[in-house]
Each structure stands twice: as structure tokens, then as C-alpha cells.
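Just structure.cif here, mmCIF, N, CA and C atoms:
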data_entry
#
loop_
_atom_site.label_atom_id
_atom_site.label_comp_id
_atom_site.auth_asym_id
_atom_site.auth_seq_id
_atom_site.Cartn_x
_atom_site.Cartn_y
_atom_site.Cartn_z
N MET A 24 78.92 -97.57 127.77
CA MET A 24 77.91 -98.57 128.05
C MET A 24 76.51 -97.95 128.04
N TYR A 25 76.34 -96.88 128.80
CA TYR A 25 75.02 -96.23 128.85
C TYR A 25 74.67 -95.59 127.52
N LEU A 26 75.65 -95.13 126.80
CA LEU A 26 75.41 -94.52 125.50
C LEU A 26 74.87 -95.56 124.51
N ALA A 27 75.42 -96.77 124.55
CA ALA A 27 74.94 -97.85 123.69
C ALA A 27 73.51 -98.25 124.07
N LEU A 28 73.23 -98.31 125.36
CA LEU A 28 71.89 -98.64 125.82
C LEU A 28 70.88 -97.57 125.39
N LEU A 29 71.26 -96.32 125.54
CA LEU A 29 70.40 -95.21 125.14
C LEU A 29 70.15 -95.25 123.63
N PHE A 30 71.17 -95.54 122.85
CA PHE A 30 71.03 -95.64 121.41
C PHE A 30 70.09 -96.80 121.04
N SER A 31 70.23 -97.93 121.71
CA SER A 31 69.38 -99.09 121.45
C SER A 31 67.92 -98.80 121.76
N VAL A 32 67.65 -98.17 122.88
CA VAL A 32 66.27 -97.83 123.26
C VAL A 32 65.68 -96.84 122.26
N THR A 33 66.46 -95.88 121.81
CA THR A 33 65.99 -94.91 120.82
C THR A 33 65.67 -95.60 119.51
N LEU A 34 66.51 -96.51 119.09
CA LEU A 34 66.31 -97.24 117.84
C LEU A 34 65.05 -98.12 117.92
N ILE A 35 64.84 -98.77 119.04
CA ILE A 35 63.64 -99.59 119.22
C ILE A 35 62.39 -98.71 119.21
N GLY A 36 62.44 -97.56 119.82
CA GLY A 36 61.31 -96.63 119.82
C GLY A 36 60.96 -96.15 118.42
N ILE A 37 61.96 -95.84 117.62
CA ILE A 37 61.72 -95.39 116.24
C ILE A 37 61.12 -96.53 115.42
N ALA A 38 61.67 -97.74 115.58
CA ALA A 38 61.14 -98.89 114.83
C ALA A 38 59.68 -99.18 115.21
N THR A 39 59.37 -99.05 116.47
CA THR A 39 57.99 -99.27 116.93
C THR A 39 57.06 -98.20 116.37
N ALA A 40 57.49 -96.96 116.34
CA ALA A 40 56.68 -95.87 115.82
C ALA A 40 56.39 -96.05 114.32
N VAL A 41 57.36 -96.61 113.61
CA VAL A 41 57.16 -96.85 112.18
C VAL A 41 56.24 -98.05 111.95
N ALA A 42 56.36 -99.08 112.77
CA ALA A 42 55.61 -100.32 112.58
C ALA A 42 54.15 -100.22 113.03
N ALA A 43 53.83 -99.33 113.96
CA ALA A 43 52.47 -99.25 114.51
C ALA A 43 51.41 -98.97 113.44
N PRO A 44 51.58 -97.98 112.57
CA PRO A 44 50.54 -97.75 111.54
C PRO A 44 50.40 -98.93 110.57
N LEU A 45 51.51 -99.57 110.26
CA LEU A 45 51.45 -100.73 109.37
C LEU A 45 50.67 -101.87 110.03
N TRP A 46 50.89 -102.06 111.32
CA TRP A 46 50.19 -103.10 112.06
C TRP A 46 48.69 -102.81 112.11
N ARG A 47 48.34 -101.55 112.35
CA ARG A 47 46.94 -101.15 112.41
C ARG A 47 46.25 -101.37 111.06
N THR A 48 46.92 -101.03 109.97
CA THR A 48 46.36 -101.23 108.64
C THR A 48 46.16 -102.72 108.35
N MET A 49 47.13 -103.53 108.75
CA MET A 49 47.02 -104.97 108.54
C MET A 49 45.82 -105.54 109.30
N LEU A 50 45.62 -105.10 110.54
CA LEU A 50 44.47 -105.56 111.33
C LEU A 50 43.15 -105.14 110.70
N GLN A 51 43.10 -103.91 110.18
CA GLN A 51 41.87 -103.43 109.55
C GLN A 51 41.57 -104.24 108.29
N ARG A 52 42.59 -104.56 107.52
CA ARG A 52 42.37 -105.37 106.31
C ARG A 52 41.85 -106.76 106.66
N GLU A 53 42.37 -107.35 107.73
CA GLU A 53 41.88 -108.66 108.18
C GLU A 53 40.41 -108.58 108.61
N LYS A 54 40.05 -107.51 109.31
CA LYS A 54 38.65 -107.33 109.72
C LYS A 54 37.75 -107.15 108.50
N GLU A 55 38.23 -106.44 107.49
CA GLU A 55 37.44 -106.26 106.27
C GLU A 55 37.20 -107.58 105.56
N GLU A 56 38.22 -108.42 105.48
CA GLU A 56 38.06 -109.73 104.86
C GLU A 56 37.06 -110.58 105.64
N GLU A 57 37.13 -110.51 106.96
CA GLU A 57 36.20 -111.26 107.80
C GLU A 57 34.78 -110.72 107.64
N LEU A 58 34.63 -109.41 107.51
CA LEU A 58 33.31 -108.82 107.29
C LEU A 58 32.72 -109.33 105.97
N LEU A 59 33.51 -109.32 104.91
CA LEU A 59 33.02 -109.81 103.62
C LEU A 59 32.64 -111.28 103.69
N PHE A 60 33.42 -112.09 104.40
CA PHE A 60 33.10 -113.50 104.56
C PHE A 60 31.78 -113.67 105.30
N ARG A 61 31.60 -112.97 106.41
CA ARG A 61 30.37 -113.12 107.20
C ARG A 61 29.15 -112.61 106.45
N LEU A 62 29.29 -111.50 105.73
CA LEU A 62 28.17 -111.02 104.92
C LEU A 62 27.80 -112.05 103.85
N GLY A 63 28.81 -112.68 103.26
CA GLY A 63 28.56 -113.73 102.27
C GLY A 63 27.82 -114.91 102.87
N GLU A 64 28.20 -115.30 104.10
CA GLU A 64 27.52 -116.41 104.78
C GLU A 64 26.05 -116.06 105.04
N PHE A 65 25.79 -114.86 105.51
CA PHE A 65 24.41 -114.43 105.75
C PHE A 65 23.61 -114.43 104.46
N ARG A 66 24.20 -113.92 103.38
CA ARG A 66 23.48 -113.82 102.11
C ARG A 66 23.20 -115.20 101.52
N GLN A 67 24.15 -116.12 101.65
CA GLN A 67 23.91 -117.49 101.18
C GLN A 67 22.80 -118.16 102.00
N ALA A 68 22.81 -117.93 103.30
CA ALA A 68 21.79 -118.53 104.17
C ALA A 68 20.41 -117.98 103.84
N ILE A 69 20.32 -116.68 103.60
CA ILE A 69 19.02 -116.08 103.25
C ILE A 69 18.53 -116.64 101.92
N ALA A 70 19.42 -116.79 100.95
CA ALA A 70 19.04 -117.35 99.64
C ALA A 70 18.59 -118.81 99.77
N ALA A 71 19.30 -119.60 100.58
CA ALA A 71 18.91 -121.00 100.77
C ALA A 71 17.57 -121.11 101.48
N TYR A 72 17.35 -120.25 102.48
CA TYR A 72 16.07 -120.24 103.20
C TYR A 72 14.94 -119.89 102.23
N ARG A 73 15.19 -118.89 101.40
CA ARG A 73 14.16 -118.46 100.45
C ARG A 73 13.85 -119.56 99.44
N ALA A 74 14.88 -120.28 99.00
CA ALA A 74 14.67 -121.37 98.05
C ALA A 74 13.88 -122.52 98.68
N ALA A 75 14.13 -122.78 99.96
CA ALA A 75 13.45 -123.89 100.64
C ALA A 75 12.01 -123.56 101.03
N HIS A 76 11.74 -122.30 101.35
CA HIS A 76 10.42 -121.91 101.87
C HIS A 76 9.61 -121.01 100.94
N ASN A 77 10.24 -120.52 99.88
CA ASN A 77 9.60 -119.59 98.96
C ASN A 77 9.16 -118.30 99.67
N ARG A 78 9.89 -117.94 100.68
CA ARG A 78 9.69 -116.68 101.40
C ARG A 78 10.98 -116.32 102.12
N LEU A 79 11.07 -115.10 102.60
CA LEU A 79 12.25 -114.62 103.30
C LEU A 79 12.14 -114.91 104.80
N PRO A 80 13.27 -115.05 105.49
CA PRO A 80 13.20 -115.23 106.95
C PRO A 80 12.72 -113.95 107.64
N GLN A 81 11.96 -114.11 108.71
CA GLN A 81 11.44 -112.97 109.45
C GLN A 81 12.48 -112.37 110.39
N LYS A 82 13.38 -113.22 110.89
CA LYS A 82 14.46 -112.77 111.79
C LYS A 82 15.67 -113.65 111.54
N LEU A 83 16.83 -113.20 111.99
CA LEU A 83 18.07 -113.95 111.77
C LEU A 83 18.04 -115.31 112.46
N GLU A 84 17.34 -115.42 113.57
CA GLU A 84 17.26 -116.68 114.30
C GLU A 84 16.58 -117.78 113.48
N ASP A 85 15.76 -117.39 112.50
CA ASP A 85 15.12 -118.37 111.62
C ASP A 85 16.15 -119.15 110.81
N LEU A 86 17.32 -118.56 110.61
CA LEU A 86 18.37 -119.21 109.83
C LEU A 86 19.18 -120.22 110.65
N LEU A 87 19.05 -120.17 111.97
CA LEU A 87 19.84 -121.05 112.83
C LEU A 87 19.28 -122.46 112.89
N GLU A 88 17.97 -122.57 113.04
CA GLU A 88 17.36 -123.89 113.21
C GLU A 88 15.96 -123.87 112.61
N ASP A 89 15.80 -124.63 111.55
CA ASP A 89 14.53 -124.68 110.84
C ASP A 89 13.89 -126.04 111.11
N LYS A 90 12.83 -126.05 111.91
CA LYS A 90 12.15 -127.30 112.27
C LYS A 90 10.81 -127.44 111.56
N THR A 91 10.62 -126.71 110.47
CA THR A 91 9.34 -126.77 109.76
C THR A 91 9.22 -128.01 108.89
N GLN A 92 10.33 -128.69 108.63
CA GLN A 92 10.30 -129.90 107.81
C GLN A 92 10.64 -131.09 108.70
N LEU A 93 10.66 -132.28 108.13
CA LEU A 93 10.94 -133.48 108.92
C LEU A 93 12.32 -133.44 109.57
N ALA A 94 13.32 -133.10 108.80
CA ALA A 94 14.68 -133.01 109.33
C ALA A 94 14.99 -131.55 109.66
N THR A 95 15.63 -131.34 110.79
CA THR A 95 16.03 -129.98 111.17
C THR A 95 17.13 -129.52 110.24
N ARG A 96 16.97 -128.32 109.71
CA ARG A 96 17.96 -127.77 108.79
C ARG A 96 18.55 -126.50 109.39
N ARG A 97 19.85 -126.36 109.25
CA ARG A 97 20.55 -125.18 109.73
C ARG A 97 21.16 -124.45 108.54
N TYR A 98 20.77 -123.21 108.35
CA TYR A 98 21.30 -122.41 107.26
C TYR A 98 22.56 -121.66 107.72
N LEU A 99 22.64 -121.38 109.02
CA LEU A 99 23.82 -120.75 109.63
C LEU A 99 24.18 -121.53 110.90
N ARG A 100 25.45 -121.56 111.23
CA ARG A 100 25.87 -122.20 112.48
C ARG A 100 25.54 -121.33 113.68
N ARG A 101 25.74 -120.03 113.50
CA ARG A 101 25.47 -119.09 114.57
C ARG A 101 25.29 -117.71 113.98
N ILE A 102 24.79 -116.77 114.78
CA ILE A 102 24.70 -115.38 114.36
C ILE A 102 26.08 -114.77 114.61
N TYR A 103 26.81 -114.56 113.54
CA TYR A 103 28.17 -114.03 113.66
C TYR A 103 28.16 -112.58 114.14
N PRO A 104 29.11 -112.20 114.98
CA PRO A 104 29.22 -110.78 115.33
C PRO A 104 29.87 -110.00 114.19
N ASP A 105 29.53 -108.75 114.10
CA ASP A 105 30.12 -107.86 113.11
C ASP A 105 31.57 -107.59 113.51
N PRO A 106 32.55 -107.90 112.67
CA PRO A 106 33.95 -107.68 113.06
C PRO A 106 34.31 -106.20 113.23
N MET A 107 33.53 -105.32 112.66
CA MET A 107 33.83 -103.89 112.78
C MET A 107 33.33 -103.30 114.09
N THR A 108 32.19 -103.81 114.58
CA THR A 108 31.64 -103.29 115.83
C THR A 108 31.88 -104.23 117.00
N GLY A 109 32.14 -105.51 116.71
CA GLY A 109 32.35 -106.49 117.77
C GLY A 109 31.06 -107.04 118.35
N LYS A 110 29.91 -106.62 117.81
CA LYS A 110 28.61 -107.05 118.33
C LYS A 110 27.80 -107.68 117.20
N ALA A 111 26.83 -108.48 117.56
CA ALA A 111 25.93 -109.08 116.57
C ALA A 111 24.72 -108.16 116.35
N ASP A 112 24.99 -106.90 116.08
CA ASP A 112 23.92 -105.91 115.90
C ASP A 112 23.87 -105.46 114.44
N TRP A 113 23.56 -106.39 113.56
CA TRP A 113 23.56 -106.13 112.13
C TRP A 113 22.41 -105.22 111.73
N GLN A 114 22.63 -104.44 110.69
CA GLN A 114 21.57 -103.62 110.09
C GLN A 114 20.82 -104.52 109.12
N LEU A 115 19.56 -104.78 109.39
CA LEU A 115 18.76 -105.67 108.55
C LEU A 115 18.03 -104.87 107.49
N GLU A 116 18.16 -105.30 106.26
CA GLU A 116 17.43 -104.68 105.15
C GLU A 116 16.17 -105.51 104.91
N GLN A 117 15.03 -104.91 105.16
CA GLN A 117 13.75 -105.61 105.09
C GLN A 117 13.14 -105.50 103.70
N GLN A 118 12.46 -106.55 103.28
CA GLN A 118 11.70 -106.54 102.02
C GLN A 118 10.29 -106.06 102.35
N VAL A 119 9.84 -105.04 101.65
CA VAL A 119 8.51 -104.49 101.87
C VAL A 119 7.68 -104.74 100.62
N ASP A 120 6.47 -105.30 100.80
CA ASP A 120 5.62 -105.57 99.63
C ASP A 120 4.80 -104.34 99.26
N ARG A 121 3.92 -104.50 98.28
CA ARG A 121 3.14 -103.36 97.78
C ARG A 121 2.22 -102.75 98.82
N THR A 122 1.76 -103.56 99.76
CA THR A 122 0.84 -103.05 100.78
C THR A 122 1.57 -102.34 101.92
N GLY A 123 2.90 -102.43 101.93
CA GLY A 123 3.68 -101.80 102.99
C GLY A 123 4.04 -102.74 104.12
N ALA A 124 3.62 -104.00 104.01
CA ALA A 124 3.94 -104.99 105.04
C ALA A 124 5.35 -105.53 104.82
N ILE A 125 6.04 -105.80 105.91
CA ILE A 125 7.38 -106.35 105.83
C ILE A 125 7.26 -107.85 105.62
N SER A 126 7.90 -108.34 104.54
CA SER A 126 7.81 -109.76 104.23
C SER A 126 9.04 -110.54 104.65
N GLY A 127 10.07 -109.88 105.15
CA GLY A 127 11.24 -110.60 105.66
C GLY A 127 12.54 -109.86 105.43
N ILE A 128 13.62 -110.52 105.82
CA ILE A 128 14.97 -109.95 105.70
C ILE A 128 15.53 -110.32 104.34
N LYS A 129 15.92 -109.31 103.56
CA LYS A 129 16.49 -109.62 102.26
C LYS A 129 18.00 -109.41 102.22
N ASP A 130 18.57 -108.66 103.17
CA ASP A 130 20.02 -108.47 103.20
C ASP A 130 20.46 -108.01 104.59
N VAL A 131 21.76 -108.10 104.82
CA VAL A 131 22.35 -107.73 106.10
C VAL A 131 23.54 -106.81 105.83
N HIS A 132 23.70 -105.78 106.66
CA HIS A 132 24.81 -104.84 106.51
C HIS A 132 25.42 -104.55 107.88
N SER A 133 26.66 -104.08 107.87
CA SER A 133 27.32 -103.67 109.10
C SER A 133 26.73 -102.34 109.56
N ARG A 134 26.80 -102.09 110.85
CA ARG A 134 26.34 -100.80 111.37
C ARG A 134 27.48 -99.79 111.47
N SER A 135 28.69 -100.19 111.14
CA SER A 135 29.85 -99.31 111.25
C SER A 135 29.83 -98.25 110.15
N PRO A 136 29.88 -96.96 110.54
CA PRO A 136 29.89 -95.90 109.54
C PRO A 136 31.30 -95.60 109.00
N ALA A 137 32.30 -96.34 109.45
CA ALA A 137 33.68 -96.08 109.03
C ALA A 137 33.87 -96.37 107.55
N ILE A 138 34.87 -95.73 106.97
CA ILE A 138 35.20 -95.93 105.57
C ILE A 138 36.25 -97.03 105.47
N GLY A 139 36.03 -97.96 104.57
CA GLY A 139 36.94 -99.09 104.42
C GLY A 139 38.16 -98.78 103.58
N LEU A 140 39.20 -99.54 103.80
CA LEU A 140 40.40 -99.44 102.98
C LEU A 140 40.16 -100.07 101.61
N LYS A 141 39.42 -101.16 101.62
CA LYS A 141 39.13 -101.92 100.40
C LYS A 141 37.95 -101.29 99.69
N ARG A 142 37.97 -101.39 98.37
CA ARG A 142 36.83 -100.93 97.57
C ARG A 142 36.12 -102.17 97.02
N VAL A 143 34.85 -102.30 97.36
CA VAL A 143 34.06 -103.43 96.91
C VAL A 143 33.26 -102.97 95.70
N LYS A 144 33.39 -103.71 94.61
CA LYS A 144 32.75 -103.33 93.35
C LYS A 144 31.24 -103.26 93.51
N GLY A 145 30.67 -102.15 93.09
CA GLY A 145 29.22 -101.98 93.15
C GLY A 145 28.70 -101.55 94.51
N LYS A 146 29.58 -101.34 95.47
CA LYS A 146 29.17 -100.95 96.82
C LYS A 146 29.78 -99.60 97.15
N GLY A 147 29.32 -98.99 98.22
CA GLY A 147 29.85 -97.71 98.66
C GLY A 147 31.16 -97.87 99.41
N GLU A 148 31.68 -96.76 99.89
CA GLU A 148 32.95 -96.76 100.62
C GLU A 148 32.80 -97.22 102.06
N ARG A 149 31.65 -96.96 102.65
CA ARG A 149 31.44 -97.27 104.07
C ARG A 149 31.09 -98.74 104.26
N TYR A 150 31.46 -99.25 105.43
CA TYR A 150 31.16 -100.66 105.73
C TYR A 150 29.67 -100.92 105.71
N GLN A 151 28.87 -99.95 106.12
CA GLN A 151 27.42 -100.15 106.17
C GLN A 151 26.81 -100.23 104.77
N ASP A 152 27.57 -99.86 103.73
CA ASP A 152 27.09 -99.96 102.36
C ASP A 152 27.44 -101.29 101.72
N TRP A 153 28.33 -102.06 102.35
CA TRP A 153 28.77 -103.33 101.75
C TRP A 153 27.67 -104.31 101.92
#

Let me see the structure of the file written as C-alpha cells.
Amino acid sequence: MYLALLFSVTLIGIATAVAAPLWRTMLQREKEEELLFRLGEFRQAIAAYRAAHNRLPQKLEDLLEDKTQLATRRYLRRIYPDPMTGKADWQLEQQVDRTGAISGIKDVHSRSPAIGLKRVKGKGERYQDW
């Protein structure tokens, strides 16, 4: 009886040890897909803001609620948190004109220096390059 119980516990331990890395990889892939989705949402919102105003937004909050026209327009529902860091602390890529003045946000990147499992065409290996 105890021998069968000991064998069962050992078998469960081995199965768990094998499954843990697979589970971790699956979670990382899901986070990468979510990161790409959120970056796409930010980039679409920046492009729509630029098309409507002929200029770039000065801060991410400008994309949440635009009251400069008759009807309030929302380019984003909310400032999404970075799935890699868990915080809404995005690295903002600023557009600088010829005089050196910042004219607005032209892109958003993750602050995570980790290397991704997925390879994004035309981008670097690190999440902060996507």
C-alpha cells in the first residue's frame, strides 16, 4: 500500500517537473501576443490622433479623451499596462523637430529588457525594441 502511494507521489512529481517549463513558455507566449496587441492599439491611436489634429499627441492621456472638437473623441479606452512589466510605464519615443523641440509622441515601446521567444519582423530581439 505505501509502496504504491510512494510510487504515485514520485510519478506526480516527475510529471510536474516536466510540465513546469512548458507552462512557463506558454504564459510568456501569451504575454508576447498581448504586448503586440497593446502596442498595435497605441500605434493606431497615435495615427488616428495625428490624422485628426495634424500633430502628434503630447502625452498618452491625450489619446483617452479629446474635447477639442464638438463631440468628445476617444482614441484609446484606457492606458494599457505593459504585460511584461505589469505597469503602465511605457517607453515613449518622442518626435524631435529641426530646432530640437519635442513635437509629440510618435511611438511606444515596452521597458522590459528581456529577450522574446517570438521574432518580430523588422524589430530587435528585446521587448523594448518591438

Original post:
What gap, in Å, lies between CA of Asp130 (chain A) and CA of Glu116 (chain A)?
Top reply: 5.0 Å

Subject >> Residue contacts of Met107 (chain A) (6.5 Å, all atoms listed in the file) excluding same-chain residues fewer than 6 positions away, as a ChimeraX atom specification >> reply: /A:54,58,135

Subject >> Hits of the PyMOL selection byres ((chain A and resi 131) around 6.5) in this structure, as a ChimeraX atom specification >> reply: /A:62,66,113-116,129-130,132-133,153

Starting from the shown file, work through the PyMOL selection byres (((chain A and resi 73 and name CA) around 12) and name CA) and note down what comes out as a PDB file with N, CA and C atoms, in the frame of the given file.
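Once written, result-v9.pdb looks like this:
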ATOM      1  N   ARG A  66      24.200-113.920 103.380  1.00  0.00           N
ATOM      2  CA  ARG A  66      23.480-113.820 102.110  1.00  0.00           C
ATOM      3  C   ARG A  66      23.200-115.200 101.520  1.00  0.00           C
ATOM      4  N   GLN A  67      24.150-116.120 101.650  1.00  0.00           N
ATOM      5  CA  GLN A  67      23.910-117.490 101.180  1.00  0.00           C
ATOM      6  C   GLN A  67      22.800-118.160 102.000  1.00  0.00           C
ATOM      7  N   ALA A  68      22.810-117.930 103.300  1.00  0.00           N
ATOM      8  CA  ALA A  68      21.790-118.530 104.170  1.00  0.00           C
ATOM      9  C   ALA A  68      20.410-117.980 103.840  1.00  0.00           C
ATOM     10  N   ILE A  69      20.320-116.680 103.600  1.00  0.00           N
ATOM     11  CA  ILE A  69      19.020-116.080 103.250  1.00  0.00           C
ATOM     12  C   ILE A  69      18.530-116.640 101.920  1.00  0.00           C
ATOM     13  N   ALA A  70      19.420-116.790 100.950  1.00  0.00           N
ATOM     14  CA  ALA A  70      19.040-117.350  99.640  1.00  0.00           C
ATOM     15  C   ALA A  70      18.590-118.810  99.770  1.00  0.00           C
ATOM     16  N   ALA A  71      19.300-119.600 100.580  1.00  0.00           N
ATOM     17  CA  ALA A  71      18.910-121.000 100.770  1.00  0.00           C
ATOM     18  C   ALA A  71      17.570-121.110 101.480  1.00  0.00           C
ATOM     19  N   TYR A  72      17.350-120.250 102.480  1.00  0.00           N
ATOM     20  CA  TYR A  72      16.070-120.240 103.200  1.00  0.00           C
ATOM     21  C   TYR A  72      14.940-119.890 102.230  1.00  0.00           C
ATOM     22  N   ALA A  74      14.880-120.280  99.000  1.00  0.00           N
ATOM     23  CA  ALA A  74      14.670-121.370  98.050  1.00  0.00           C
ATOM     24  C   ALA A  74      13.880-122.520  98.680  1.00  0.00           C
ATOM     25  N   ALA A  75      14.130-122.780  99.960  1.00  0.00           N
ATOM     26  CA  ALA A  75      13.450-123.890 100.640  1.00  0.00           C
ATOM     27  C   ALA A  75      12.010-123.560 101.030  1.00  0.00           C
ATOM     28  N   HIS A  76      11.740-122.300 101.350  1.00  0.00           N
ATOM     29  CA  HIS A  76      10.420-121.910 101.870  1.00  0.00           C
ATOM     30  C   HIS A  76       9.610-121.010 100.940  1.00  0.00           C
ATOM     31  N   ASN A  77      10.240-120.520  99.880  1.00  0.00           N
ATOM     32  CA  ASN A  77       9.600-119.590  98.960  1.00  0.00           C
ATOM     33  C   ASN A  77       9.160-118.300  99.670  1.00  0.00           C
ATOM     34  N   ARG A  78       9.890-117.940 100.680  1.00  0.00           N
ATOM     35  CA  ARG A  78       9.690-116.680 101.400  1.00  0.00           C
ATOM     36  C   ARG A  78      10.980-116.320 102.120  1.00  0.00           C
ATOM     37  N   LEU A  79      11.070-115.100 102.600  1.00  0.00           N
ATOM     38  CA  LEU A  79      12.250-114.620 103.300  1.00  0.00           C
ATOM     39  C   LEU A  79      12.140-114.910 104.800  1.00  0.00           C
ATOM     40  N   PRO A  80      13.270-115.050 105.490  1.00  0.00           N
ATOM     41  CA  PRO A  80      13.200-115.230 106.950  1.00  0.00           C
ATOM     42  C   PRO A  80      12.720-113.950 107.640  1.00  0.00           C
ATOM     43  N   GLN A  81      11.960-114.110 108.710  1.00  0.00           N
ATOM     44  CA  GLN A  81      11.440-112.970 109.450  1.00  0.00           C
ATOM     45  C   GLN A  81      12.480-112.370 110.390  1.00  0.00           C
ATOM     46  N   ASP A  85      15.760-117.390 112.500  1.00  0.00           N
ATOM     47  CA  ASP A  85      15.120-118.370 111.620  1.00  0.00           C
ATOM     48  C   ASP A  85      16.150-119.150 110.810  1.00  0.00           C
ATOM     49  N   LEU A  86      17.320-118.560 110.610  1.00  0.00           N
ATOM     50  CA  LEU A  86      18.370-119.210 109.830  1.00  0.00           C
ATOM     51  C   LEU A  86      19.180-120.220 110.650  1.00  0.00           C
ATOM     52  N   TYR A  98      20.770-123.210 108.350  1.00  0.00           N
ATOM     53  CA  TYR A  98      21.300-122.410 107.260  1.00  0.00           C
ATOM     54  C   TYR A  98      22.560-121.660 107.720  1.00  0.00           C
ATOM     55  N   SER A 126       7.900-108.340 104.540  1.00  0.00           N
ATOM     56  CA  SER A 126       7.810-109.760 104.230  1.00  0.00           C
ATOM     57  C   SER A 126       9.040-110.540 104.650  1.00  0.00           C
ATOM     58  N   GLY A 127      10.070-109.880 105.150  1.00  0.00           N
ATOM     59  CA  GLY A 127      11.240-110.600 105.660  1.00  0.00           C
ATOM     60  C   GLY A 127      12.540-109.860 105.430  1.00  0.00           C
ATOM     61  N   ILE A 128      13.620-110.520 105.820  1.00  0.00           N
ATOM     62  CA  ILE A 128      14.970-109.950 105.700  1.00  0.00           C
ATOM     63  C   ILE A 128      15.530-110.320 104.340  1.00  0.00           C
ATOM     64  N   LYS A 129      15.920-109.310 103.560  1.00  0.00           N
ATOM     65  CA  LYS A 129      16.490-109.620 102.260  1.00  0.00           C
ATOM     66  C   LYS A 129      18.000-109.410 102.220  1.00  0.00           C
ATOM     67  N   ASP A 130      18.570-108.660 103.170  1.00  0.00           N
ATOM     68  CA  ASP A 130      20.020-108.470 103.200  1.00  0.00           C
ATOM     69  C   ASP A 130      20.460-108.010 104.590  1.00  0.00           C
TER      70      ASP A 130
END

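Here CA of Ile35 (chain A) stands at a distance of 20.3 Å from CA of Thr48 (chain A).
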
Original post:
What is the CA of Pro136 (chain A) to atom C of Gln51 (chain A) distance in Å?
Top reply: 14.4 Å

**OP:** Extract the full set of helix (DSSP H, G or I) residues from chain A according to DSSP on the backbone, and format it as a PyMOL selection string.
**Re:** chain A and resi 25-76+83-86+150-152

**OP:** On this file, the PyMOL selection byres (((chain A and resi 102 and name CA) around 10) and name CA) gives some set of residues; write that set as a PyMOL selection string.
**Re:** chain A and resi 61+65+83-84+86-87+99-101+103-105+111-113

Write to file, as an mmCIF file, in the coordinates of the input, the residues of the selection just made, with N, CA and C atoms.
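As a result, out16.cif now contains:
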data_model
loop_
_atom_site.group_PDB
_atom_site.id
_atom_site.type_symbol
_atom_site.label_atom_id
_atom_site.label_comp_id
_atom_site.auth_asym_id
_atom_site.auth_seq_id
_atom_site.Cartn_x
_atom_site.Cartn_y
_atom_site.Cartn_z
ATOM 1 N N ARG A 61 31.600 -112.970 106.410
ATOM 2 C CA ARG A 61 30.370 -113.120 107.200
ATOM 3 C C ARG A 61 29.150 -112.610 106.450
ATOM 4 N N PHE A 65 25.790 -114.860 105.510
ATOM 5 C CA PHE A 65 24.410 -114.430 105.750
ATOM 6 C C PHE A 65 23.610 -114.430 104.460
ATOM 7 N N LEU A 83 16.830 -113.200 111.990
ATOM 8 C CA LEU A 83 18.070 -113.950 111.770
ATOM 9 C C LEU A 83 18.040 -115.310 112.460
ATOM 10 N N GLU A 84 17.340 -115.420 113.570
ATOM 11 C CA GLU A 84 17.260 -116.680 114.300
ATOM 12 C C GLU A 84 16.580 -117.780 113.480
ATOM 13 N N LEU A 86 17.320 -118.560 110.610
ATOM 14 C CA LEU A 86 18.370 -119.210 109.830
ATOM 15 C C LEU A 86 19.180 -120.220 110.650
ATOM 16 N N LEU A 87 19.050 -120.170 111.970
ATOM 17 C CA LEU A 87 19.840 -121.050 112.830
ATOM 18 C C LEU A 87 19.280 -122.460 112.890
ATOM 19 N N LEU A 99 22.640 -121.380 109.020
ATOM 20 C CA LEU A 99 23.820 -120.750 109.630
ATOM 21 C C LEU A 99 24.180 -121.530 110.900
ATOM 22 N N ARG A 100 25.450 -121.560 111.230
ATOM 23 C CA ARG A 100 25.870 -122.200 112.480
ATOM 24 C C ARG A 100 25.540 -121.330 113.680
ATOM 25 N N ARG A 101 25.740 -120.030 113.500
ATOM 26 C CA ARG A 101 25.470 -119.090 114.570
ATOM 27 C C ARG A 101 25.290 -117.710 113.980
ATOM 28 N N TYR A 103 26.810 -114.560 113.540
ATOM 29 C CA TYR A 103 28.170 -114.030 113.660
ATOM 30 C C TYR A 103 28.160 -112.580 114.140
ATOM 31 N N PRO A 104 29.110 -112.200 114.980
ATOM 32 C CA PRO A 104 29.220 -110.780 115.330
ATOM 33 C C PRO A 104 29.870 -110.000 114.190
ATOM 34 N N ASP A 105 29.530 -108.750 114.100
ATOM 35 C CA ASP A 105 30.120 -107.860 113.110
ATOM 36 C C ASP A 105 31.570 -107.590 113.510
ATOM 37 N N ALA A 111 26.830 -108.480 117.560
ATOM 38 C CA ALA A 111 25.930 -109.080 116.570
ATOM 39 C C ALA A 111 24.720 -108.160 116.350
ATOM 40 N N ASP A 112 24.990 -106.900 116.080
ATOM 41 C CA ASP A 112 23.920 -105.910 115.900
ATOM 42 C C ASP A 112 23.870 -105.460 114.440
ATOM 43 N N TRP A 113 23.560 -106.390 113.560
ATOM 44 C CA TRP A 113 23.560 -106.130 112.130
ATOM 45 C C TRP A 113 22.410 -105.220 111.730
#

Backbone-only DSSP, strand (DSSP E) members of chain A, as a short mmCIF file (atom, residue, chain, number, x, y, z; two decimals) with N, CA and C atoms, in the coordinates of the input:
data_model
loop_
_atom_site.label_atom_id
_atom_site.label_comp_id
_atom_site.auth_asym_id
_atom_site.auth_seq_id
_atom_site.Cartn_x
_atom_site.Cartn_y
_atom_site.Cartn_z
N GLN A 114 22.63 -104.44 110.69
CA GLN A 114 21.57 -103.62 110.09
C GLN A 114 20.82 -104.52 109.12
N LEU A 115 19.56 -104.78 109.39
CA LEU A 115 18.76 -105.67 108.55
C LEU A 115 18.03 -104.87 107.49
N GLU A 116 18.16 -105.30 106.26
CA GLU A 116 17.43 -104.68 105.15
C GLU A 116 16.17 -105.51 104.91
N GLN A 117 15.03 -104.91 105.16
CA GLN A 117 13.75 -105.61 105.09
C GLN A 117 13.14 -105.50 103.70
N GLN A 118 12.46 -106.55 103.28
CA GLN A 118 11.70 -106.54 102.02
C GLN A 118 10.29 -106.06 102.35
N VAL A 119 9.84 -105.04 101.65
CA VAL A 119 8.51 -104.49 101.87
C VAL A 119 7.68 -104.74 100.62
N ILE A 125 6.04 -105.80 105.91
CA ILE A 125 7.38 -106.35 105.83
C ILE A 125 7.26 -107.85 105.62
N SER A 126 7.90 -108.34 104.54
CA SER A 126 7.81 -109.76 104.23
C SER A 126 9.04 -110.54 104.65
N GLY A 127 10.07 -109.88 105.15
CA GLY A 127 11.24 -110.60 105.66
C GLY A 127 12.54 -109.86 105.43
N ILE A 128 13.62 -110.52 105.82
CA ILE A 128 14.97 -109.95 105.70
C ILE A 128 15.53 -110.32 104.34
N LYS A 129 15.92 -109.31 103.56
CA LYS A 129 16.49 -109.62 102.26
C LYS A 129 18.00 -109.41 102.22
N ASP A 130 18.57 -108.66 103.17
CA ASP A 130 20.02 -108.47 103.20
C ASP A 130 20.46 -108.01 104.59
N VAL A 131 21.76 -108.10 104.82
CA VAL A 131 22.35 -107.73 106.10
C VAL A 131 23.54 -106.81 105.83
N HIS A 132 23.70 -105.78 106.66
CA HIS A 132 24.81 -104.84 106.51
C HIS A 132 25.42 -104.55 107.88
#
